[in-house]
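Trainee: I am attaching a structure below and will ask some questions about it afterwards.
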Amino acid sequence: MITIQIRLFAAHRDIVGRPELTLAQPAGATLGEVWAHLVVEHPALARYTGRLLFAVNQQFADPTTVLHDGDEVAFIPPVSGGAAVL
Amino acid sequence: MPEFQPFLITHQPLDPAPLVAYAQAPTDGAVVTFTGVARNHVAGRPTASLSYEAYAEMAVPVLEQIAAEAAERWPIGRIAVHHRVGTLAIGETAVLVVVAAPHRQEAFQAAAYVMDRIKEIAPIWKQEHWADGAAEWRE
């Protein structure tokens with residue numbers, strides 16, 4: 001198992017009700033899997049699927065990124081409604 | 001006096017003068033300042049105030065990345081970007097983008113590019129507080 005820190009902002013934080021979460025995940029878990037887990041727990045997040053940016057340790061990252069113990073994960077809601085190109 | 005930081009997320013009111021002083025150089029014939037202001041309406045609906053929130057540890061490196069992108073596209077000099085967070089009264093400055101370049105076309109284009117990219121990828125969010133009391137994140 002790995003433990004990750006999740007940072008939540010703006011509408012995501014309002015939905016979850018907290019700015020940070022600590023989550024235990026199986027080794028090999030990806031960013032996208034953690035997001036899917038969060039959506040199951042907080043279905044109101046579903047409308048952001050496909051519209052958000054991901055970051056690990058303050059760097060933009062792909063949803064297929066494999067996470068490691070102690071990583072800081074951020075789910076970044078859209079900042080202007082446009083499709084972002086990194 | 002703390003050292004001037006060209007890329008900054010701050011709760012303090014913004015002043016363009018230090019950014020212009022930082023960017024302006026004898027080699028650059030143009031300095032463009034873009035000022036983003038908290039507006040009193042959105043699509044005709046009156047706003048009472050705005051608030052901005054940032055993932056500050058990441059936003060500053062992203063601003064640096066955006067400036068580097070601009071410097072790859074145009075021959076430009078120095079760039080400075082300061083973004084306010086917290087609650088802003090209507091009419092206050094939310095963001096300053098200052099770009100210097102040898103010629104004005106590049107300075108204008110790079111400043112517009114930097115502002116567009118901030119809106120696309122900088123982890124900074126705006127919440128509109130409507131005059132009727134409701135609030136909404138701009139997405």
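Residue names in the structure tokens use chain letters A, B, ... in the order shown, residue numbers from 1 in each chain, and ligand numbers from 1 in the order shown.
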When you look at Phe54 in chain A with a cut-off of 9 Å (counting only C-alpha atoms), what residues show up, excluding the ones that are within fewer than 5 positions of it in the same chain? I need them as an MDAnalysis selection string.
Mentor: chainID A and resid 31:32 59:63 73:77
Trainee: Write a file of the selected residues as a PDB file, in the first residue's frame, keeping all heavy atoms.
Mentor:
ATOM      1  N   LEU A  31      -2.909   7.955 -11.200  1.00  0.00           N
ATOM      2  CA  LEU A  31      -3.652   9.190 -10.952  1.00  0.00           C
ATOM      3  C   LEU A  31      -5.118   9.034 -11.338  1.00  0.00           C
ATOM      4  O   LEU A  31      -6.015   9.435 -10.597  1.00  0.00           O
ATOM      5  CB  LEU A  31      -3.055  10.295 -11.816  1.00  0.00           C
ATOM      6  CG  LEU A  31      -2.138  11.332 -11.211  1.00  0.00           C
ATOM      7  CD1 LEU A  31      -1.754  12.311 -12.302  1.00  0.00           C
ATOM      8  CD2 LEU A  31      -2.793  12.038 -10.053  1.00  0.00           C
ATOM      9  N   GLY A  32      -5.342   8.458 -12.526  1.00  0.00           N
ATOM     10  CA  GLY A  32      -6.703   8.304 -13.021  1.00  0.00           C
ATOM     11  C   GLY A  32      -7.532   7.401 -12.122  1.00  0.00           C
ATOM     12  O   GLY A  32      -8.729   7.651 -11.913  1.00  0.00           O
ATOM     13  N   GLN A  59       3.815  19.094 -10.416  1.00  0.00           N
ATOM     14  CA  GLN A  59       4.100  19.024 -11.855  1.00  0.00           C
ATOM     15  C   GLN A  59       2.872  18.461 -12.566  1.00  0.00           C
ATOM     16  O   GLN A  59       2.284  17.489 -12.080  1.00  0.00           O
ATOM     17  CB  GLN A  59       5.272  18.076 -12.119  1.00  0.00           C
ATOM     18  CG  GLN A  59       6.562  18.433 -11.410  1.00  0.00           C
ATOM     19  CD  GLN A  59       7.346  19.492 -12.144  1.00  0.00           C
ATOM     20  OE1 GLN A  59       7.299  19.567 -13.364  1.00  0.00           O
ATOM     21  NE2 GLN A  59       8.040  20.334 -11.402  1.00  0.00           N
ATOM     22  N   PHE A  60       2.516  19.050 -13.709  1.00  0.00           N
ATOM     23  CA  PHE A  60       1.429  18.473 -14.492  1.00  0.00           C
ATOM     24  C   PHE A  60       1.760  17.026 -14.817  1.00  0.00           C
ATOM     25  O   PHE A  60       2.924  16.680 -15.074  1.00  0.00           O
ATOM     26  CB  PHE A  60       1.215  19.258 -15.787  1.00  0.00           C
ATOM     27  CG  PHE A  60       0.598  20.607 -15.566  1.00  0.00           C
ATOM     28  CD1 PHE A  60       1.291  21.764 -15.894  1.00  0.00           C
ATOM     29  CD2 PHE A  60      -0.683  20.728 -15.029  1.00  0.00           C
ATOM     30  CE1 PHE A  60       0.728  23.016 -15.694  1.00  0.00           C
ATOM     31  CE2 PHE A  60      -1.252  21.983 -14.822  1.00  0.00           C
ATOM     32  CZ  PHE A  60      -0.547  23.123 -15.154  1.00  0.00           C
ATOM     33  N   ALA A  61       0.749  16.178 -14.802  1.00  0.00           N
ATOM     34  CA  ALA A  61       0.980  14.753 -15.018  1.00  0.00           C
ATOM     35  C   ALA A  61      -0.203  14.154 -15.769  1.00  0.00           C
ATOM     36  O   ALA A  61      -1.315  14.697 -15.766  1.00  0.00           O
ATOM     37  CB  ALA A  61       1.172  14.038 -13.681  1.00  0.00           C
ATOM     38  N   ASP A  62       0.064  13.030 -16.395  1.00  0.00           N
ATOM     39  CA  ASP A  62      -0.930  12.303 -17.168  1.00  0.00           C
ATOM     40  C   ASP A  62      -1.721  11.397 -16.221  1.00  0.00           C
ATOM     41  O   ASP A  62      -1.183  10.917 -15.231  1.00  0.00           O
ATOM     42  CB  ASP A  62      -0.153  11.439 -18.182  1.00  0.00           C
ATOM     43  CG  ASP A  62      -1.034  11.002 -19.316  1.00  0.00           C
ATOM     44  OD1 ASP A  62      -1.226  11.808 -20.251  1.00  0.00           O
ATOM     45  OD2 ASP A  62      -1.540   9.871 -19.249  1.00  0.00           O
ATOM     46  N   PRO A  63      -3.017  11.137 -16.539  1.00  0.00           N
ATOM     47  CA  PRO A  63      -3.779  10.238 -15.654  1.00  0.00           C
ATOM     48  C   PRO A  63      -3.206   8.832 -15.536  1.00  0.00           C
ATOM     49  O   PRO A  63      -3.524   8.107 -14.589  1.00  0.00           O
ATOM     50  CB  PRO A  63      -5.185  10.207 -16.280  1.00  0.00           C
ATOM     51  CG  PRO A  63      -5.124  10.986 -17.532  1.00  0.00           C
ATOM     52  CD  PRO A  63      -3.857  11.769 -17.563  1.00  0.00           C
ATOM     53  N   VAL A  73      -0.822  14.738  -4.706  1.00  0.00           N
ATOM     54  CA  VAL A  73      -1.636  14.710  -5.914  1.00  0.00           C
ATOM     55  C   VAL A  73      -2.565  15.919  -5.893  1.00  0.00           C
ATOM     56  O   VAL A  73      -3.142  16.234  -4.863  1.00  0.00           O
ATOM     57  CB  VAL A  73      -2.466  13.410  -5.950  1.00  0.00           C
ATOM     58  CG1 VAL A  73      -3.559  13.480  -6.998  1.00  0.00           C
ATOM     59  CG2 VAL A  73      -1.554  12.218  -6.193  1.00  0.00           C
ATOM     60  N   ALA A  74      -2.688  16.594  -7.037  1.00  0.00           N
ATOM     61  CA  ALA A  74      -3.658  17.691  -7.130  1.00  0.00           C
ATOM     62  C   ALA A  74      -4.567  17.457  -8.318  1.00  0.00           C
ATOM     63  O   ALA A  74      -4.099  17.131  -9.411  1.00  0.00           O
ATOM     64  CB  ALA A  74      -2.944  19.029  -7.268  1.00  0.00           C
ATOM     65  N   PHE A  75      -5.862  17.588  -8.065  1.00  0.00           N
ATOM     66  CA  PHE A  75      -6.859  17.547  -9.132  1.00  0.00           C
ATOM     67  C   PHE A  75      -7.255  18.996  -9.394  1.00  0.00           C
ATOM     68  O   PHE A  75      -7.767  19.666  -8.517  1.00  0.00           O
ATOM     69  CB  PHE A  75      -8.051  16.702  -8.710  1.00  0.00           C
ATOM     70  CG  PHE A  75      -7.677  15.265  -8.481  1.00  0.00           C
ATOM     71  CD1 PHE A  75      -7.806  14.684  -7.226  1.00  0.00           C
ATOM     72  CD2 PHE A  75      -7.175  14.504  -9.525  1.00  0.00           C
ATOM     73  CE1 PHE A  75      -7.442  13.360  -7.018  1.00  0.00           C
ATOM     74  CE2 PHE A  75      -6.813  13.174  -9.325  1.00  0.00           C
ATOM     75  CZ  PHE A  75      -6.950  12.607  -8.070  1.00  0.00           C
ATOM     76  N   ILE A  76      -6.985  19.441 -10.600  1.00  0.00           N
ATOM     77  CA  ILE A  76      -7.082  20.867 -10.908  1.00  0.00           C
ATOM     78  C   ILE A  76      -8.320  21.113 -11.747  1.00  0.00           C
ATOM     79  O   ILE A  76      -8.352  20.770 -12.929  1.00  0.00           O
ATOM     80  CB  ILE A  76      -5.800  21.327 -11.632  1.00  0.00           C
ATOM     81  CG1 ILE A  76      -4.602  21.092 -10.703  1.00  0.00           C
ATOM     82  CG2 ILE A  76      -5.914  22.772 -12.068  1.00  0.00           C
ATOM     83  CD1 ILE A  76      -3.270  21.443 -11.317  1.00  0.00           C
ATOM     84  N   PRO A  77      -9.368  21.699 -11.128  1.00  0.00           N
ATOM     85  CA  PRO A  77     -10.571  21.969 -11.909  1.00  0.00           C
ATOM     86  C   PRO A  77     -10.286  22.992 -13.007  1.00  0.00           C
ATOM     87  O   PRO A  77      -9.301  23.715 -12.943  1.00  0.00           O
ATOM     88  CB  PRO A  77     -11.561  22.518 -10.874  1.00  0.00           C
ATOM     89  CG  PRO A  77     -10.774  22.862  -9.677  1.00  0.00           C
ATOM     90  CD  PRO A  77      -9.472  22.133  -9.742  1.00  0.00           C
TER      91      PRO A  77
END
Trainee: List the neighbours of range 57-64 of chain B out to 9 Å using only C-alpha atoms; skip same-chain residues closer than 6 positions along the sequence, and give me the result as an MDAnalysis selection string.
Mentor: (chainID A and resid 55 57:59) or (chainID B and resid 6:9 81 114 117:118 121:124)
Trainee: Generate a file of the selected residues that holds N, CA and C atoms, formatted as a PDB file, in the first residue's frame.
Mentor:
ATOM      1  N   ALA A  55      -1.934  16.863 -11.396  1.00  0.00           N
ATOM      2  CA  ALA A  55      -0.545  17.178 -11.043  1.00  0.00           C
ATOM      3  C   ALA A  55      -0.076  16.230  -9.952  1.00  0.00           C
ATOM      4  N   ASN A  57       3.155  16.175  -7.229  1.00  0.00           N
ATOM      5  CA  ASN A  57       4.278  16.933  -6.666  1.00  0.00           C
ATOM      6  C   ASN A  57       4.501  18.236  -7.439  1.00  0.00           C
ATOM      7  N   GLN A  58       3.412  18.953  -7.667  1.00  0.00           N
ATOM      8  CA  GLN A  58       3.403  20.286  -8.309  1.00  0.00           C
ATOM      9  C   GLN A  58       3.825  20.279  -9.765  1.00  0.00           C
ATOM     10  N   GLN A  59       3.815  19.094 -10.416  1.00  0.00           N
ATOM     11  CA  GLN A  59       4.100  19.024 -11.855  1.00  0.00           C
ATOM     12  C   GLN A  59       2.872  18.461 -12.566  1.00  0.00           C
TER      13      GLN A  59
ATOM     14  N   PRO B   6       9.713  38.293  -9.797  1.00  0.00           N
ATOM     15  CA  PRO B   6       8.996  38.531 -11.054  1.00  0.00           C
ATOM     16  C   PRO B   6       7.704  37.723 -11.166  1.00  0.00           C
ATOM     17  N   PHE B   7       7.635  36.587 -10.485  1.00  0.00           N
ATOM     18  CA  PHE B   7       6.426  35.757 -10.551  1.00  0.00           C
ATOM     19  C   PHE B   7       5.928  35.556  -9.122  1.00  0.00           C
ATOM     20  N   LEU B   8       4.716  36.022  -8.880  1.00  0.00           N
ATOM     21  CA  LEU B   8       4.262  36.116  -7.489  1.00  0.00           C
ATOM     22  C   LEU B   8       2.761  35.889  -7.393  1.00  0.00           C
ATOM     23  N   ILE B   9       2.359  35.124  -6.363  1.00  0.00           N
ATOM     24  CA  ILE B   9       0.957  34.994  -5.959  1.00  0.00           C
ATOM     25  C   ILE B   9       0.866  35.670  -4.603  1.00  0.00           C
ATOM     26  N   VAL B  81       4.902  38.620 -13.776  1.00  0.00           N
ATOM     27  CA  VAL B  81       3.467  38.353 -13.585  1.00  0.00           C
ATOM     28  C   VAL B  81       3.184  38.305 -12.087  1.00  0.00           C
ATOM     29  N   VAL B 114       0.712  35.321 -22.798  1.00  0.00           N
ATOM     30  CA  VAL B 114       0.913  34.980 -21.380  1.00  0.00           C
ATOM     31  C   VAL B 114      -0.429  35.004 -20.638  1.00  0.00           C
ATOM     32  N   ARG B 117      -2.580  31.988 -21.625  1.00  0.00           N
ATOM     33  CA  ARG B 117      -2.082  30.742 -21.020  1.00  0.00           C
ATOM     34  C   ARG B 117      -2.379  30.681 -19.530  1.00  0.00           C
ATOM     35  N   ILE B 118      -2.300  31.832 -18.856  1.00  0.00           N
ATOM     36  CA  ILE B 118      -2.667  31.854 -17.432  1.00  0.00           C
ATOM     37  C   ILE B 118      -4.093  31.345 -17.279  1.00  0.00           C
ATOM     38  N   ILE B 121      -4.000  27.278 -18.036  1.00  0.00           N
ATOM     39  CA  ILE B 121      -3.323  26.238 -17.244  1.00  0.00           C
ATOM     40  C   ILE B 121      -2.863  26.659 -15.856  1.00  0.00           C
ATOM     41  N   ALA B 122      -2.839  27.945 -15.538  1.00  0.00           N
ATOM     42  CA  ALA B 122      -2.344  28.308 -14.201  1.00  0.00           C
ATOM     43  C   ALA B 122      -3.371  27.865 -13.156  1.00  0.00           C
ATOM     44  N   PRO B 123      -2.943  27.150 -12.119  1.00  0.00           N
ATOM     45  CA  PRO B 123      -3.903  26.690 -11.108  1.00  0.00           C
ATOM     46  C   PRO B 123      -4.346  27.824 -10.186  1.00  0.00           C
ATOM     47  N   ILE B 124      -5.169  28.687 -10.777  1.00  0.00           N
ATOM     48  CA  ILE B 124      -5.708  29.862 -10.081  1.00  0.00           C
ATOM     49  C   ILE B 124      -7.186  29.932 -10.461  1.00  0.00           C
TER      50      ILE B 124
END
Trainee: Within chain A, find each residue whose DSSP state, derived from the backbone, is helix (DSSP H, G or I), and express the selection as a list in words.
Mentor: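 The residues of chain A classed as helix (DSSP H, G or I) are Ala10, Ala11, His12, Arg13, Asp14, Ile15, Val16, Leu31, Gly32, Glu33, Val34, Trp35, Ala36, His37, Leu38, Val39, Val40, Glu41, Pro43, Ala44, Leu45, Ala46, Arg47 and Tyr48 of chain A.
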Trainee: Please report, as a tab-separated table, each residue of chain B lying at most 6 Å from chain A, together with the nearest pair of atoms and the separation in Å rounded to one decimal; use only C-alpha atoms, and order rows by chain and ascending residue number.
Mentor:
residue	atom	partner	partner_atom	distance
B:Met58	CA	A:Gln58	CA	4.9
B:Lys119	CA	A:Ser80	CA	5.6
B:Glu120	CA	A:Ala84	CA	5.3
B:Trp125	CA	A:Val79	CA	5.6
B:Glu139	CA	A:Gly81	CA	4.5
Trainee: Would you compute the distance between CA of Leu96 in chain B and CA of Arg73 in chain B? Give it in Å to one decimal.
Mentor: 20.4 Å
Trainee: Could you name the residues that touch Ala29 in chain A at 12 Å or less, counting only C-alpha atoms, but leaving out those on the same chain fewer than 6 positions away, as a PyMOL selection string?
Mentor: chain A and resi 1-4+23+35-37+63-69+71
